[in-house]
>>> print(open('input-v9.cif').read())   # mmCIF, C-alpha atoms
data_entry
#
loop_
_atom_site.label_atom_id
_atom_site.label_comp_id
_atom_site.auth_asym_id
_atom_site.auth_seq_id
_atom_site.Cartn_x
_atom_site.Cartn_y
_atom_site.Cartn_z
CA MET R 1 114.57 62.53 121.45
CA SER R 2 116.89 65.45 121.31
CA ASP R 3 116.41 65.61 117.54
CA LYS R 4 112.68 65.79 117.92
CA THR R 5 112.95 68.58 120.42
CA GLU R 6 115.16 70.48 118.02
CA LEU R 7 112.66 70.07 115.20
CA THR R 8 109.78 71.27 117.30
CA THR R 9 111.66 74.40 118.26
CA THR R 10 112.56 75.17 114.66
CA GLN R 11 109.01 74.70 113.53
CA ALA R 12 107.74 76.99 116.18
CA ARG R 13 110.20 79.65 115.09
CA GLU R 14 109.19 79.37 111.48
CA VAL R 15 105.51 79.48 112.14
CA GLN R 16 105.63 82.48 114.41
CA PRO R 17 106.53 85.30 111.98
CA ALA R 18 103.70 84.44 109.60
CA ALA R 19 101.18 84.34 112.42
CA GLU R 20 102.59 87.57 113.80
CA GLN R 21 102.28 89.34 110.47
CA LYS R 22 98.69 88.35 110.01
CA ARG R 23 97.81 89.59 113.46
CA VAL R 24 99.51 92.95 112.91
CA GLU R 25 97.54 93.50 109.72
CA GLN R 26 94.24 93.31 111.49
CA LYS R 27 95.04 94.55 114.97
CA VAL R 28 97.20 97.50 115.79
CA ARG R 29 99.16 97.99 118.99
CA PRO R 30 97.96 101.16 120.69
CA LEU R 31 100.60 103.65 121.79
CA VAL R 32 101.21 103.43 125.52
CA ASP R 33 102.96 105.05 128.45
CA ILE R 34 103.87 102.67 131.24
CA PHE R 35 105.34 103.66 134.56
CA GLU R 36 105.98 102.07 137.91
CA ASP R 37 105.88 103.69 141.30
CA ASP R 38 106.03 102.29 144.83
CA SER R 39 102.49 100.98 144.85
CA GLY R 40 102.14 99.58 141.34
CA ILE R 41 102.19 100.01 137.60
CA THR R 42 100.09 102.43 135.54
CA VAL R 43 99.41 102.00 131.84
CA HIS R 44 97.93 104.71 129.63
CA ALA R 45 96.89 103.58 126.15
CA ASP R 46 95.63 105.75 123.31
CA MET R 47 92.60 104.05 121.81
CA PRO R 48 90.58 106.72 119.99
CA GLY R 49 87.20 105.59 118.70
CA VAL R 50 86.87 102.76 121.20
CA SER R 51 83.82 102.98 123.44
CA ARG R 52 83.48 101.28 126.80
CA ASP R 53 81.31 98.44 125.54
CA ARG R 54 83.83 97.57 122.83
CA LEU R 55 86.77 97.47 125.18
CA ASN R 56 88.07 94.28 126.72
CA VAL R 57 90.70 94.01 129.43
CA LYS R 58 91.60 90.54 130.58
CA VAL R 59 94.26 88.75 132.57
CA GLU R 60 95.21 85.21 131.67
CA GLY R 61 98.02 83.72 133.71
CA ASP R 62 100.71 86.39 133.68
CA THR R 63 99.46 88.10 130.54
CA LEU R 64 97.33 91.21 130.56
CA THR R 65 95.62 91.90 127.24
CA ILE R 66 93.82 95.04 126.17
CA ASP R 67 91.57 94.80 123.17
CA GLY R 68 89.27 97.37 121.65
CA GLU R 69 87.24 97.76 118.51
CA VAL R 70 86.96 101.11 116.82
CA ASP R 71 83.43 102.15 116.05
CA ILE R 72 82.64 105.65 114.91
CA PRO R 73 79.19 106.47 113.59
CA MET R 74 79.49 107.75 110.04
CA PRO R 75 76.94 109.06 107.57
CA GLU R 76 75.58 106.54 105.15
CA GLY R 77 77.15 106.44 101.72
CA MET R 78 80.25 108.31 102.81
CA GLU R 79 83.22 107.99 100.50
CA PRO R 80 86.80 108.23 101.71
CA LEU R 81 88.74 111.24 100.51
CA TYR R 82 91.83 110.96 102.68
CA ALA R 83 92.79 108.53 105.42
CA GLU R 84 95.81 108.48 107.70
CA SER R 85 94.28 106.00 110.10
CA ARG R 86 92.62 102.80 109.02
CA ILE R 87 92.78 101.20 112.42
CA THR R 88 89.73 99.13 113.19
CA HIS R 89 91.00 97.08 116.08
CA TYR R 90 93.52 97.69 118.84
CA GLN R 91 95.22 94.94 120.76
CA ARG R 92 98.29 94.74 122.94
CA GLY R 93 99.51 92.28 125.54
CA PHE R 94 101.76 92.80 128.53
CA THR R 95 103.53 90.28 130.70
CA LEU R 96 103.09 90.92 134.38
CA SER R 97 105.64 90.00 136.99
CA PRO R 98 104.41 87.80 139.88
CA GLU R 99 104.57 90.68 142.35
CA MET R 100 101.61 92.36 140.61
CA ASP R 101 98.19 91.78 142.09
CA VAL R 102 96.16 90.72 139.05
CA ASP R 103 92.95 90.49 141.07
CA LYS R 104 93.00 94.20 141.77
CA VAL R 105 93.51 95.62 138.29
CA GLU R 106 91.47 98.78 137.76
CA ALA R 107 90.58 100.05 134.32
CA SER R 108 88.99 103.29 133.21
CA LEU R 109 88.35 104.78 129.80
CA LYS R 110 88.08 108.50 129.19
CA ASN R 111 88.18 110.40 125.90
CA GLY R 112 89.74 107.44 124.12
CA VAL R 113 92.49 106.92 126.69
CA LEU R 114 92.53 103.69 128.67
CA THR R 115 94.09 103.86 132.11
CA LEU R 116 95.06 100.67 133.87
CA ARG R 117 96.22 100.56 137.44
CA ILE R 118 97.89 97.33 138.52
CA PRO R 119 98.80 97.38 142.19
CA LYS R 120 101.66 95.42 143.71
CA ARG R 121 100.84 92.72 146.20
CA GLU R 122 100.98 94.05 149.73
CA GLU R 123 104.08 92.05 150.62
CA HIS R 124 105.98 93.58 147.70
CA LYS R 125 105.28 97.18 148.51
CA PRO R 126 108.28 98.95 149.95
CA LYS R 127 107.99 99.47 153.67
CA LYS R 128 109.41 102.39 155.44
CA ILE R 129 111.58 101.40 158.34
CA GLU R 130 111.79 103.86 161.14
CA VAL R 131 115.21 104.36 162.61
CA LYS R 132 115.03 104.73 166.31
CA VAL R 133 117.40 107.06 167.93
CA ALA R 134 118.96 105.48 170.94
CA MET A 1 86.05 102.44 111.18
CA PHE A 2 87.44 103.51 107.86
CA ALA A 3 87.57 99.94 106.71
CA PHE A 4 86.72 101.29 103.31
CA PRO A 5 86.56 98.71 100.60
CA GLY A 6 89.40 99.22 98.18
CA LEU A 7 91.53 101.08 100.65
CA GLU A 8 93.69 98.40 102.12
CA ARG A 9 96.49 98.95 104.54
CA SER A 10 99.56 99.87 102.60
CA LEU A 11 103.24 100.35 103.20
CA PHE A 12 102.44 104.04 103.44
CA ASP A 13 100.38 103.43 106.57
CA ASP A 14 103.24 101.59 108.16
CA LEU A 15 105.60 104.42 107.33
CA LEU A 16 103.18 106.96 108.78
CA ARG A 17 102.86 104.91 111.90
CA LEU A 18 106.62 104.52 112.18
CA GLN A 19 106.99 108.25 111.76
CA ARG A 20 104.47 108.88 114.52
CA GLU A 21 106.16 106.45 116.85
CA MET A 22 109.54 108.06 116.26
CA GLU A 23 108.08 111.50 116.78
CA SER A 24 106.57 110.48 120.06
CA LEU A 25 109.89 108.93 121.14
CA TRP A 26 111.60 112.25 120.66
CA GLY A 27 108.74 113.95 122.44
CA GLY A 28 108.62 116.76 119.91
CA THR A 29 111.48 118.65 121.53
CA ALA A 30 113.72 119.18 118.52
CA ILE A 31 111.23 118.13 115.90
CA ARG A 32 108.13 120.23 115.67
CA ALA A 33 106.91 117.73 113.12
CA GLY A 34 105.49 115.92 116.12
CA ALA A 35 102.47 118.03 115.40
CA ALA A 36 102.18 116.60 111.90
CA GLY A 37 101.63 113.07 113.17
CA PHE A 38 99.14 113.85 115.87
CA PRO A 39 96.28 113.67 115.55
CA ALA A 40 95.78 111.37 112.58
CA VAL A 41 93.14 112.70 110.21
CA ASN A 42 90.55 110.97 108.03
CA VAL A 43 88.24 112.78 105.68
CA GLY A 44 85.12 111.41 104.07
CA THR A 45 82.59 112.99 101.76
CA THR A 46 78.92 112.65 100.91
CA ALA A 47 76.88 114.62 98.41
CA GLU A 48 75.67 116.89 101.23
CA ALA A 49 78.71 117.32 103.45
CA VAL A 50 82.35 116.75 104.24
CA ASP A 51 83.20 114.90 107.44
CA VAL A 52 86.59 115.24 109.09
CA TYR A 53 87.70 112.87 111.86
CA LEU A 54 90.71 113.63 114.04
CA PHE A 55 92.01 110.89 116.27
CA ALA A 56 92.93 112.96 119.29
CA PRO A 57 92.50 110.94 122.48
CA GLY A 58 92.96 112.52 125.88
CA VAL A 59 92.46 116.11 124.82
CA ASP A 60 90.41 118.52 126.90
CA PRO A 61 87.72 119.42 124.33
CA THR A 62 87.63 123.05 125.46
CA THR A 63 91.21 123.50 124.25
CA PHE A 64 90.43 122.71 120.61
CA ASP A 65 90.86 125.73 118.36
CA ILE A 66 88.99 125.04 115.14
CA SER A 67 88.69 127.49 112.28
CA LEU A 68 87.52 127.30 108.70
CA GLN A 69 88.54 129.96 106.25
CA ASN A 70 86.94 129.37 102.88
CA ASN A 71 87.87 125.71 102.50
CA VAL A 72 90.98 125.61 104.68
CA LEU A 73 90.34 123.93 107.99
CA THR A 74 92.75 124.46 110.86
CA VAL A 75 92.58 122.46 114.08
CA ALA A 76 94.95 123.32 116.87
CA GLY A 77 95.16 122.23 120.45
CA GLU A 78 97.36 120.59 122.96
CA ARG A 79 97.59 117.31 124.70
CA ARG A 80 99.40 117.35 127.98
CA VAL A 81 100.41 114.00 129.35
CA ILE A 82 100.87 114.30 133.06
CA ARG A 83 104.16 112.66 133.90
CA GLU A 84 104.52 111.30 137.38
CA GLU A 85 107.54 112.54 139.25
CA GLY A 86 109.78 109.87 140.69
CA ALA A 87 108.14 107.05 138.76
CA SER A 88 110.24 104.91 136.46
CA TYR A 89 108.97 104.82 132.90
CA TYR A 90 109.09 101.68 130.78
CA ARG A 91 107.34 103.10 127.76
CA LYS A 92 106.80 106.69 126.61
CA GLU A 93 105.13 106.43 123.26
CA ARG A 94 102.22 108.82 123.53
CA PHE A 95 102.24 112.27 122.03
CA ASP A 96 102.73 115.11 124.47
CA GLY A 97 102.51 118.74 123.45
CA GLU A 98 100.84 121.16 121.09
CA PHE A 99 99.52 120.25 117.70
CA ARG A 100 98.16 121.96 114.62
CA ARG A 101 96.71 120.36 111.53
CA VAL A 102 95.79 122.30 108.42
CA LEU A 103 93.60 120.66 105.80
CA THR A 104 92.31 121.82 102.46
CA LEU A 105 88.74 120.63 102.04
CA PRO A 106 86.75 120.46 98.82
CA GLU A 107 86.04 123.93 97.49
CA ASP A 108 82.27 123.81 97.86
CA VAL A 109 82.15 123.58 101.65
CA ASP A 110 80.07 126.17 103.45
CA PRO A 111 82.13 127.83 106.23
CA ASP A 112 78.91 129.03 107.89
CA ARG A 113 77.56 125.56 108.50
CA VAL A 114 80.08 123.68 110.56
CA ASP A 115 79.67 121.71 113.71
CA ALA A 116 82.13 119.77 115.81
CA SER A 117 81.76 117.08 118.42
CA TYR A 118 84.21 115.09 120.53
CA SER A 119 83.51 111.52 121.50
CA ASP A 120 85.74 108.62 122.60
CA GLY A 121 88.80 110.69 121.74
CA VAL A 122 87.69 111.38 118.18
CA LEU A 123 86.98 114.94 117.07
CA HIS A 124 84.36 114.97 114.34
CA ILE A 125 83.95 118.10 112.25
CA HIS A 126 80.95 118.16 109.97
CA VAL A 127 80.90 120.77 107.19
CA GLU A 128 77.90 121.13 104.92
CA ARG A 129 78.43 121.73 101.23
CA LYS A 130 76.98 124.87 99.65
CA GLU A 131 73.42 124.45 98.41
CA SER A 132 74.31 125.50 94.90
CA SER A 133 76.77 122.69 94.46
CA LYS A 134 74.53 119.88 95.64
CA PRO A 135 73.48 117.54 92.88
CA LYS A 136 70.05 118.32 91.53
CA GLN A 137 67.67 115.85 90.11
CA ILE A 138 66.57 116.85 86.66
CA LYS A 139 63.28 115.53 85.45
CA VAL A 140 62.69 114.71 81.84
CA ASN A 141 59.30 115.93 80.74
#
>>> encode(input="input-v9.cif", output="structure tokens")
Amino acid sequence: MSDKTELTTTQAREVQPAAEQKRVEQKVRPLVDIFEDDSGITVHADMPGVSRDRLNVKVEGDTLTIDGEVDIPMPEGMEPLYAESRITHYQRGFTLSPEMDVDKVEASLKNGVLTLRIPKREEHKPKKIEVKVA
Amino acid sequence: MFAFPGLERSLFDDLLRLQREMESLWGGTAIRAGAAGFPAVNVGTTAEAVDVYLFAPGVDPTTFDISLQNNVLTVAGERRVIREEGASYYRKERFDGEFRRVLTLPEDVDPDRVDASYSDGVLHIHVERKESSKPKQIKVN
């Protein structure tokens, strides 16, 4: 039994890098800023070329995934001369801690920057305690 | 976008990306090269025009300074990321600061016929080629 468990773990480890590599080739992690304040977490992600209808934000369990396809209208028959960016698809996942309120995630997209606001559950927000002077 | 056949992702792309990530980590304080990695530039050509795409998300379009002298295109601007005071940051990867990119375009571009538009964080500069250099169809009598 213990042997079997060991084998399963090893297999999983071996399989992962290959799968990871394949994913990275097709989908690129967007650059992000993430910060936390008293009321929640804010994520800013650079996703140039992604329009609102090609952007997907979803929460599954404790994982928040952002996914966007790049689509820029280009003239027909255009030939590449020089390319620094060949990104066609952005994707990045984040693990959320249980104190985050996944039902109240707000997302907005402006000029290719995705902003996510993930509030903390009410009971986890810091409360100010007044000190009474006797 | 730019999934051109024959132009696959190469090690060079990964190096460029690594460079950009490192530049953004250092926030461009000591290394002005931060401006060399942002925004990324793609250039494509047709018989009629040259199209330049700059991946510059989150820039106020009024701050772009675009000039074309003969065939040298210069795009300058700044992207200011508003940092929240008192917040604790987990990731700071995005470019913050001024940038300037200088590109040499094909020699037959017409500096008088340029237009630029900004959409979804991508600045598109369209430069027509000079009439004289456009391919002409020659009929055999």
>>> residues_around(input="input-v9.cif", residues="Glu131 in chain A", least_positions_apart="2", cutoff="9 Å", atoms="all atoms listed in the file", output="ChimeraX atom specification")
/A:48,108,110,128-129,133-135
>>> resolve_selection(input="input-v9.cif", expression="the PyMOL selection byres ((chain A) within 7 of (chain R))", output="compact mmCIF listing (two decimals) with C-alpha atoms, in the frame of the given file")
# COMPACT_ATOMS: atom_id res chain seq x y z
CA MET A 1 86.05 102.44 111.18
CA PHE A 2 87.44 103.51 107.86
CA ALA A 3 87.57 99.94 106.71
CA ASP A 13 100.38 103.43 106.57
CA ALA A 40 95.78 111.37 112.58
CA VAL A 41 93.14 112.70 110.21
CA ASN A 42 90.55 110.97 108.03
CA VAL A 43 88.24 112.78 105.68
CA GLY A 44 85.12 111.41 104.07
CA THR A 45 82.59 112.99 101.76
CA THR A 46 78.92 112.65 100.91
CA PHE A 55 92.01 110.89 116.27
CA ALA A 56 92.93 112.96 119.29
CA PRO A 57 92.50 110.94 122.48
CA GLY A 58 92.96 112.52 125.88
CA ALA A 87 108.14 107.05 138.76
CA SER A 88 110.24 104.91 136.46
CA TYR A 89 108.97 104.82 132.90
CA TYR A 90 109.09 101.68 130.78
CA ARG A 91 107.34 103.10 127.76
CA LYS A 92 106.80 106.69 126.61
CA GLU A 93 105.13 106.43 123.26
CA ARG A 94 102.22 108.82 123.53
CA SER A 119 83.51 111.52 121.50
CA ASP A 120 85.74 108.62 122.60
CA GLY A 121 88.80 110.69 121.74
CA VAL A 122 87.69 111.38 118.18
>>> closest_residue(input="input-v9.cif", among="A:Val127, A:Gly97, A:Ala47, A:Gln137", to="Ile82 in chain A", atoms="all atoms listed in the file")
A:Gly97
>>> atom_distance(input="input-v9.cif", atom1="CA of Lys120 in chain R", atom2="CA of Gly68 in chain R")
25.4 Å
>>> atom_distance(input="input-v9.cif", atom1="CA of Glu84 in chain A", atom2="CA of Arg54 in chain R")
28.8 Å
>>> build_atoms(input="input-v9.cif", residues="range 34-63 of chain R", atoms="N, CA and C atoms", output="short mmCIF file (atom, residue, chain, number, x, y, z; two decimals), in the coordinates of the input")
data_model
loop_
_atom_site.label_atom_id
_atom_site.label_comp_id
_atom_site.auth_asym_id
_atom_site.auth_seq_id
_atom_site.Cartn_x
_atom_site.Cartn_y
_atom_site.Cartn_z
N ILE R 34 103.93 103.59 130.11
CA ILE R 34 103.87 102.67 131.24
C ILE R 34 104.87 103.15 132.29
N PHE R 35 104.39 103.32 133.51
CA PHE R 35 105.34 103.66 134.56
C PHE R 35 105.04 102.91 135.85
N GLU R 36 106.09 102.78 136.64
CA GLU R 36 105.98 102.07 137.91
C GLU R 36 106.33 103.02 139.05
N ASP R 37 105.51 102.97 140.08
CA ASP R 37 105.88 103.69 141.30
C ASP R 37 105.84 102.69 142.47
N ASP R 38 105.93 103.19 143.68
CA ASP R 38 106.03 102.29 144.83
C ASP R 38 104.86 101.34 144.95
N SER R 39 103.66 101.80 144.58
CA SER R 39 102.49 100.98 144.85
C SER R 39 102.03 100.13 143.67
N GLY R 40 102.56 100.40 142.48
CA GLY R 40 102.14 99.58 141.34
C GLY R 40 102.54 100.15 140.00
N ILE R 41 101.89 99.60 138.97
CA ILE R 41 102.19 100.01 137.60
C ILE R 41 100.95 100.67 136.99
N THR R 42 101.18 101.75 136.24
CA THR R 42 100.09 102.43 135.54
C THR R 42 100.35 102.37 134.05
N VAL R 43 99.32 102.03 133.30
CA VAL R 43 99.41 102.00 131.84
C VAL R 43 98.39 103.00 131.28
N HIS R 44 98.84 103.85 130.38
CA HIS R 44 97.93 104.71 129.63
C HIS R 44 98.01 104.28 128.17
N ALA R 45 96.89 104.00 127.56
CA ALA R 45 96.89 103.58 126.15
C ALA R 45 95.96 104.46 125.34
N ASP R 46 96.45 104.94 124.20
CA ASP R 46 95.63 105.75 123.31
C ASP R 46 94.79 104.84 122.42
N MET R 47 93.48 104.88 122.62
CA MET R 47 92.60 104.05 121.81
C MET R 47 91.41 104.87 121.31
N PRO R 48 91.68 105.87 120.45
CA PRO R 48 90.58 106.72 119.99
C PRO R 48 89.54 105.94 119.18
N GLY R 49 88.29 106.24 119.44
CA GLY R 49 87.20 105.59 118.70
C GLY R 49 86.70 104.32 119.36
N VAL R 50 87.31 103.96 120.50
CA VAL R 50 86.87 102.76 121.20
C VAL R 50 85.95 103.18 122.34
N SER R 51 84.73 102.65 122.35
CA SER R 51 83.82 102.98 123.44
C SER R 51 83.92 101.88 124.50
N ARG R 52 83.35 102.18 125.66
CA ARG R 52 83.48 101.28 126.80
C ARG R 52 82.98 99.87 126.51
N ASP R 53 81.87 99.77 125.77
CA ASP R 53 81.31 98.44 125.54
C ASP R 53 82.07 97.66 124.48
N ARG R 54 83.02 98.30 123.81
CA ARG R 54 83.83 97.57 122.83
C ARG R 54 85.26 97.38 123.31
N LEU R 55 85.44 97.61 124.60
CA LEU R 55 86.77 97.47 125.18
C LEU R 55 86.82 96.23 126.06
N ASN R 56 87.90 95.50 125.94
CA ASN R 56 88.07 94.28 126.72
C ASN R 56 89.43 94.31 127.39
N VAL R 57 89.44 94.13 128.70
CA VAL R 57 90.70 94.01 129.43
C VAL R 57 90.65 92.68 130.15
N LYS R 58 91.64 91.83 129.89
CA LYS R 58 91.60 90.54 130.58
C LYS R 58 92.99 90.10 131.01
N VAL R 59 93.01 89.31 132.07
CA VAL R 59 94.26 88.75 132.57
C VAL R 59 94.17 87.24 132.46
N GLU R 60 95.15 86.66 131.78
CA GLU R 60 95.21 85.21 131.67
C GLU R 60 96.61 84.80 132.09
N GLY R 61 96.70 84.09 133.19
CA GLY R 61 98.02 83.72 133.71
C GLY R 61 98.78 85.00 134.04
N ASP R 62 99.94 85.18 133.41
CA ASP R 62 100.71 86.39 133.68
C ASP R 62 100.59 87.41 132.55
N THR R 63 99.61 87.20 131.68
CA THR R 63 99.46 88.10 130.54
C THR R 63 98.22 88.96 130.65
#
